[in-house]
>>> print(open('entry04.txt').read())   # compact mmCIF, C-alpha atoms and all ligand atoms
# COMPACT_ATOMS: atom_id res chain seq x y z
CA MET A 537 -100.74 -106.56 -98.76
CA PRO A 538 -97.81 -107.32 -101.00
CA ALA A 539 -94.55 -106.72 -99.28
CA PHE A 540 -92.14 -107.48 -102.02
CA PHE A 541 -91.99 -104.24 -103.90
CA LYS A 542 -88.68 -103.45 -102.47
CA PRO A 543 -87.04 -100.58 -104.24
CA ARG A 544 -83.89 -101.66 -105.88
CA ARG A 545 -80.89 -99.82 -104.74
CA ARG A 546 -78.50 -98.86 -107.41
CA ARG A 547 -74.97 -98.12 -106.65
CA GLY A 548 -72.37 -96.49 -108.71
CA PRO A 549 -71.77 -93.15 -110.25
CA SER A 550 -74.83 -91.03 -110.78
CA GLY A 551 -74.14 -87.55 -111.96
CA PRO A 552 -71.42 -85.25 -110.77
CA ASN A 553 -69.31 -86.20 -107.80
CA LYS A 554 -69.45 -84.29 -104.57
CA ASN A 555 -66.71 -81.89 -105.42
CA GLU A 556 -68.21 -80.94 -108.73
CA GLN A 557 -71.58 -80.46 -107.11
CA LYS A 558 -70.05 -78.13 -104.59
CA VAL A 559 -68.47 -76.00 -107.27
CA MET A 560 -71.68 -75.83 -109.24
CA ARG A 561 -73.68 -74.96 -106.20
CA ARG A 562 -71.28 -72.22 -105.26
CA SER A 563 -71.48 -70.45 -108.58
CA SER A 564 -75.25 -70.53 -108.90
CA GLY A 565 -75.87 -70.02 -105.18
CA ASP A 566 -73.74 -66.91 -105.10
CA ARG A 567 -75.74 -65.38 -107.84
CA GLU A 568 -78.99 -66.08 -106.03
CA ALA A 569 -77.67 -64.72 -102.78
CA ARG A 570 -76.78 -61.54 -104.53
CA THR A 571 -80.02 -60.98 -106.33
CA GLY A 572 -82.70 -62.83 -104.35
CA GLY A 573 -85.19 -61.19 -102.04
CA SER A 574 -86.40 -57.67 -101.56
CA LEU A 575 -84.54 -55.04 -99.62
CA LYS A 576 -86.81 -55.24 -96.58
CA GLU A 577 -86.51 -59.03 -96.52
CA ARG A 578 -82.77 -59.02 -96.79
CA PHE A 579 -82.00 -55.90 -94.77
CA PRO A 580 -84.96 -54.90 -92.59
CA GLY A 581 -83.02 -52.01 -91.09
CA VAL A 582 -82.39 -50.34 -94.41
CA GLU A 583 -85.05 -48.12 -95.89
CA SER A 584 -83.54 -47.38 -99.24
CA ILE A 585 -80.26 -47.47 -101.07
CA ARG A 586 -79.40 -45.01 -103.78
CA LEU A 587 -76.77 -45.90 -106.30
CA GLN A 588 -75.15 -43.36 -108.56
CA LEU A 589 -73.17 -45.06 -111.26
CA THR A 590 -70.93 -43.28 -113.72
CA PHE A 591 -69.50 -45.44 -116.46
CA LEU A 592 -66.35 -44.20 -118.14
CA ASN A 593 -64.79 -45.46 -121.32
CA PRO A 594 -61.05 -46.28 -121.50
CA GLN A 595 -60.42 -42.67 -122.55
CA GLN A 596 -61.92 -41.62 -119.22
CA GLU A 597 -64.87 -39.94 -120.88
CA ILE A 598 -68.29 -40.32 -119.36
CA TYR A 599 -70.11 -43.02 -121.23
CA GLU A 600 -73.27 -43.30 -119.19
CA GLU A 601 -74.67 -42.07 -115.91
CA VAL A 602 -77.26 -44.09 -114.08
CA THR A 603 -79.03 -43.49 -110.82
CA ARG A 604 -80.85 -46.36 -109.25
CA THR A 605 -82.81 -46.33 -106.02
CA ILE A 606 -83.59 -49.58 -104.30
CA GLY A 607 -86.68 -49.28 -102.11
CA PRO A 608 -88.03 -51.68 -99.48
CA ASP A 609 -89.90 -53.81 -102.02
CA ASP A 610 -87.28 -53.76 -104.71
CA ALA A 611 -85.09 -56.75 -105.40
CA VAL A 612 -81.62 -56.49 -103.99
CA ASN A 613 -79.13 -56.24 -106.79
CA PHE A 614 -75.91 -54.36 -106.41
CA SER A 615 -74.30 -55.27 -109.68
CA ALA A 616 -74.37 -53.64 -113.07
CA PRO A 617 -73.40 -55.14 -116.40
CA CYS A 618 -70.39 -53.54 -118.01
CA PRO A 619 -71.43 -51.43 -120.99
CA GLY A 620 -67.97 -51.81 -122.49
CA ARG A 621 -66.54 -53.91 -125.23
CA CYS A 622 -66.47 -57.09 -123.17
CA GLY A 623 -70.18 -57.33 -123.94
CA GLY A 624 -71.41 -57.11 -120.37
CA GLU A 625 -72.04 -60.82 -120.06
CA ARG A 626 -68.72 -61.72 -118.54
CA GLY A 627 -67.75 -58.32 -117.29
CA SER A 628 -69.90 -56.78 -114.65
CA PHE A 629 -69.34 -54.41 -111.82
CA ASP A 630 -70.32 -55.93 -108.55
CA LEU A 631 -70.73 -53.66 -105.56
CA THR A 632 -72.29 -56.28 -103.33
CA LYS A 633 -69.34 -56.69 -101.02
CA GLU A 634 -68.79 -52.98 -100.48
CA ILE A 635 -72.46 -52.31 -99.89
CA LEU A 636 -72.81 -55.19 -97.46
CA THR A 637 -69.85 -53.88 -95.53
CA ALA A 638 -71.43 -50.44 -95.48
CA ILE A 639 -74.71 -51.86 -94.17
CA GLU A 640 -72.92 -53.81 -91.48
CA GLY A 641 -71.15 -50.69 -90.36
CA ALA A 642 -74.32 -48.58 -90.73
CA ARG A 643 -72.43 -46.16 -92.91
CA PRO A 644 -74.54 -43.51 -94.65
CA GLN A 645 -72.37 -43.28 -97.69
CA VAL A 646 -69.87 -45.38 -99.53
CA GLN A 647 -68.12 -44.97 -102.84
CA GLY A 648 -65.52 -46.55 -105.01
CA ARG A 649 -64.07 -47.08 -108.41
CA LEU A 650 -63.78 -50.25 -110.46
CA VAL A 651 -62.08 -51.14 -113.70
CA CYS A 652 -63.38 -53.94 -115.91
CA GLN A 653 -60.56 -56.40 -116.45
CA GLU A 654 -62.44 -58.68 -118.78
CA THR A 655 -60.96 -59.24 -122.18
CA MET A 656 -62.93 -57.94 -125.12
CA ASN A 657 -63.47 -61.41 -126.53
CA ILE A 658 -62.00 -64.88 -126.26
CA SER A 659 -59.29 -64.33 -128.85
CA THR A 660 -57.75 -61.18 -127.43
CA VAL A 661 -55.99 -60.39 -124.20
CA THR A 662 -56.67 -56.66 -124.25
CA PRO A 663 -58.82 -55.80 -121.29
CA CYS A 664 -62.13 -54.05 -121.76
CA ASP A 665 -60.92 -51.23 -119.49
CA PHE A 666 -64.26 -49.58 -118.92
CA ARG A 667 -64.51 -47.97 -115.52
CA LEU A 668 -67.22 -47.41 -113.02
CA GLU A 669 -67.20 -44.63 -110.50
CA TRP A 670 -69.93 -45.24 -108.01
CA LYS A 671 -71.43 -43.72 -104.97
CA SER A 672 -74.08 -45.14 -102.73
CA THR A 673 -76.25 -43.38 -100.18
CA LEU A 674 -77.91 -45.56 -97.60
CA HIS A 675 -80.97 -44.63 -95.60
CA TYR A 676 -81.62 -46.57 -92.46
CA GLY A 677 -84.95 -46.96 -90.73
CA VAL A 678 -85.55 -45.96 -87.15
CA LYS A 679 -84.24 -48.67 -84.91
CA SER A 680 -86.88 -50.10 -82.62
ZN ZN B 1 -66.15 -54.63 -119.54
>>> encode(input="entry04.txt", output="structure tokens", more="lines below")
Ligand SMILES: [Zn+2]
Amino acid sequence: MPAFFKPRRRRGPSGPNKNEQKVMRRSSGDREARTGGSLKERFPGVESIRLQLTFLNPQQEIYEEVTRTIGPDDAVNFSAPCPGRCGGERGSFDLTKEILTAIEGARPQVQGRLVCQETMNISTVTPCDFRLEWKSTLHYGVKS
């Protein structure tokens, strides 16, 4: 049996260095951590989470009201794209941190208010200024 097919080892730069890899991993990993998995996989103790989102335009008028209920088999996603002039791609309202804190503390209800600070487009510095008033009701399963 031929024993001379030794793989050649190549040294030298191949792709991004460690630091760059870390940064890249952090940005894509965060996103996955926020959206991956169903509710019962991620939070077995939580039966459902109801989100009531009220979007307000910079004039403080109601732009849109949305109610979302996340059930046991629904994907966990606590962020909503901003409907404002920033285009929603860059600006989004992320409630993940607040909701996770609420789950940790087994709180039945949590609410807050966010203002989109994204600029409307690359060439302007005026912020989008859409607001989100939100309220979340959390239902917990019976602890065994
Ligand atoms: Zn916005």
>>> residues_near_ligand(input="entry04.txt", ligand="ligand ZN 1 (chain B)", cutoff="9 Å", atoms="only C-alpha atoms and all ligand atoms", output="ChimeraX atom specification")
/A:617-629,651-656,663-667
>>> atom_distance(input="entry04.txt", atom1="CA of Phe614 (chain A)", atom2="CA of Thr660 (chain A)")
28.6 Å
>>> atom_distance(input="entry04.txt", atom1="CA of Val582 (chain A)", atom2="CA of Asn613 (chain A)")
14.1 Å
>>> closest_residue(input="entry04.txt", among="A:Ser659, A:Gln588, A:Gln596, A:Thr603", to="Val646 (chain A)", atoms="all atoms listed in the file")
A:Gln588
>>> atom_distance(input="entry04.txt", atom1="CA of Pro608 (chain A)", atom2="CA of Asp630 (chain A)")
20.3 Å
>>> residues_near_point(input="entry04.txt", point="(-75.8, -41.9, -120.4)", cutoff="12 Å", atoms="all atoms listed in the file", output="VMD selection string")
chain A and resid 588 to 593 597 to 603 619
>>> closest_residue(input="entry04.txt", among="A:Ala638, A:Leu631, A:Ala611, A:Leu650", to="Thr673 (chain A)", atoms="all atoms listed in the file")
A:Ala638
>>> residues_around(input="entry04.txt", residues="Gly641 (chain A)", least_positions_apart="6", cutoff="12 Å", atoms="all atoms listed in the file", output="list in words")
Gly581, Val582, Glu634, Ile635, Leu674 and Tyr676 of chain A
>>> residues_near_point(input="entry04.txt", point="(-78.6, -44.0, -93.7)", cutoff="9 Å", atoms="all atoms listed in the file", output="MDAnalysis selection string")
chainID A and resid 582:585 639 642:645 673:677
>>> closest_residue(input="entry04.txt", among="A:Leu636, A:Leu575, A:Val678, A:Leu587", to="Val612 (chain A)", atoms="all atoms listed in the file")
A:Leu575
>>> build_atoms(input="entry04.txt", residues="region 610-646 of chain A", atoms="N, CA and C atoms", output="CSV table (one decimal), in the coordinates of the input")
chain,number,residue,atom,x,y,z
A,610,ASP,N,-88.1,-53.5,-103.5
A,610,ASP,CA,-87.3,-53.8,-104.7
A,610,ASP,C,-86.3,-54.9,-104.5
A,611,ALA,N,-86.0,-55.6,-105.5
A,611,ALA,CA,-85.1,-56.8,-105.4
A,611,ALA,C,-83.7,-56.2,-105.1
A,612,VAL,N,-83.0,-56.9,-104.3
A,612,VAL,CA,-81.6,-56.5,-104.0
A,612,VAL,C,-80.7,-56.9,-105.1
A,613,ASN,N,-80.1,-55.9,-105.7
A,613,ASN,CA,-79.1,-56.2,-106.8
A,613,ASN,C,-78.1,-55.1,-106.9
A,614,PHE,N,-76.9,-55.4,-106.5
A,614,PHE,CA,-75.9,-54.4,-106.4
A,614,PHE,C,-74.9,-54.5,-107.5
A,615,SER,N,-75.3,-55.1,-108.6
A,615,SER,CA,-74.3,-55.3,-109.7
A,615,SER,C,-74.9,-54.7,-111.0
A,616,ALA,N,-74.0,-54.3,-111.8
A,616,ALA,CA,-74.4,-53.6,-113.1
A,616,ALA,C,-73.5,-54.2,-114.2
A,617,PRO,N,-74.2,-54.6,-115.3
A,617,PRO,CA,-73.4,-55.1,-116.4
A,617,PRO,C,-72.5,-54.1,-117.0
A,618,CYS,N,-71.3,-54.5,-117.4
A,618,CYS,CA,-70.4,-53.5,-118.0
A,618,CYS,C,-70.9,-53.1,-119.4
A,619,PRO,N,-71.0,-51.8,-119.7
A,619,PRO,CA,-71.4,-51.4,-121.0
A,619,PRO,C,-70.3,-51.4,-122.0
A,620,GLY,N,-69.2,-51.9,-121.6
A,620,GLY,CA,-68.0,-51.8,-122.5
A,620,GLY,C,-67.9,-52.9,-123.5
A,621,ARG,N,-66.7,-53.0,-124.1
A,621,ARG,CA,-66.5,-53.9,-125.2
A,621,ARG,C,-66.5,-55.4,-124.9
A,622,CYS,N,-66.4,-55.7,-123.6
A,622,CYS,CA,-66.5,-57.1,-123.2
A,622,CYS,C,-67.9,-57.7,-123.4
A,623,GLY,N,-68.8,-56.8,-123.6
A,623,GLY,CA,-70.2,-57.3,-123.9
A,623,GLY,C,-71.1,-57.4,-122.7
A,624,GLY,N,-70.6,-57.2,-121.6
A,624,GLY,CA,-71.4,-57.1,-120.4
A,624,GLY,C,-71.8,-58.5,-119.8
A,625,GLU,N,-71.6,-59.5,-120.6
A,625,GLU,CA,-72.0,-60.8,-120.1
A,625,GLU,C,-71.0,-61.3,-119.0
A,626,ARG,N,-69.8,-61.2,-119.4
A,626,ARG,CA,-68.7,-61.7,-118.5
A,626,ARG,C,-68.3,-60.6,-117.6
A,627,GLY,N,-68.2,-59.4,-118.1
A,627,GLY,CA,-67.8,-58.3,-117.3
A,627,GLY,C,-68.9,-57.6,-116.6
A,628,SER,N,-68.9,-57.6,-115.3
A,628,SER,CA,-69.9,-56.8,-114.6
A,628,SER,C,-69.3,-56.2,-113.4
A,629,PHE,N,-69.8,-55.1,-113.0
A,629,PHE,CA,-69.3,-54.4,-111.8
A,629,PHE,C,-70.2,-54.8,-110.6
A,630,ASP,N,-69.6,-55.4,-109.7
A,630,ASP,CA,-70.3,-55.9,-108.6
A,630,ASP,C,-70.0,-55.2,-107.3
A,631,LEU,N,-71.0,-54.5,-106.7
A,631,LEU,CA,-70.7,-53.7,-105.6
A,631,LEU,C,-71.2,-54.3,-104.3
A,632,THR,N,-71.6,-55.6,-104.5
A,632,THR,CA,-72.3,-56.3,-103.3
A,632,THR,C,-71.4,-56.2,-102.0
A,633,LYS,N,-70.2,-56.6,-102.2
A,633,LYS,CA,-69.3,-56.7,-101.0
A,633,LYS,C,-69.2,-55.3,-100.3
A,634,GLU,N,-69.0,-54.3,-101.1
A,634,GLU,CA,-68.8,-53.0,-100.5
A,634,GLU,C,-70.1,-52.5,-99.8
A,635,ILE,N,-71.2,-52.8,-100.5
A,635,ILE,CA,-72.5,-52.3,-99.9
A,635,ILE,C,-72.8,-53.1,-98.6
A,636,LEU,N,-72.5,-54.4,-98.7
A,636,LEU,CA,-72.8,-55.2,-97.5
A,636,LEU,C,-72.0,-54.7,-96.3
A,637,THR,N,-70.7,-54.4,-96.6
A,637,THR,CA,-69.8,-53.9,-95.5
A,637,THR,C,-70.4,-52.6,-95.0
A,638,ALA,N,-70.9,-51.7,-95.9
A,638,ALA,CA,-71.4,-50.4,-95.5
A,638,ALA,C,-72.7,-50.6,-94.6
A,639,ILE,N,-73.5,-51.6,-95.0
A,639,ILE,CA,-74.7,-51.9,-94.2
A,639,ILE,C,-74.3,-52.4,-92.8
A,640,GLU,N,-73.4,-53.3,-92.8
A,640,GLU,CA,-72.9,-53.8,-91.5
A,640,GLU,C,-72.4,-52.7,-90.6
A,641,GLY,N,-71.7,-51.8,-91.2
A,641,GLY,CA,-71.2,-50.7,-90.4
A,641,GLY,C,-72.1,-49.5,-90.2
A,642,ALA,N,-73.3,-49.6,-90.8
A,642,ALA,CA,-74.3,-48.6,-90.7
A,642,ALA,C,-73.8,-47.3,-91.3
A,643,ARG,N,-73.0,-47.4,-92.3
A,643,ARG,CA,-72.4,-46.2,-92.9
A,643,ARG,C,-73.4,-45.5,-93.8
A,644,PRO,N,-73.5,-44.2,-93.8
A,644,PRO,CA,-74.5,-43.5,-94.6
A,644,PRO,C,-74.1,-43.4,-96.1
A,645,GLN,N,-72.8,-43.5,-96.3
A,645,GLN,CA,-72.4,-43.3,-97.7
A,645,GLN,C,-71.1,-44.1,-98.0
A,646,VAL,N,-71.0,-44.6,-99.2
A,646,VAL,CA,-69.9,-45.4,-99.5
A,646,VAL,C,-69.6,-45.2,-101.0
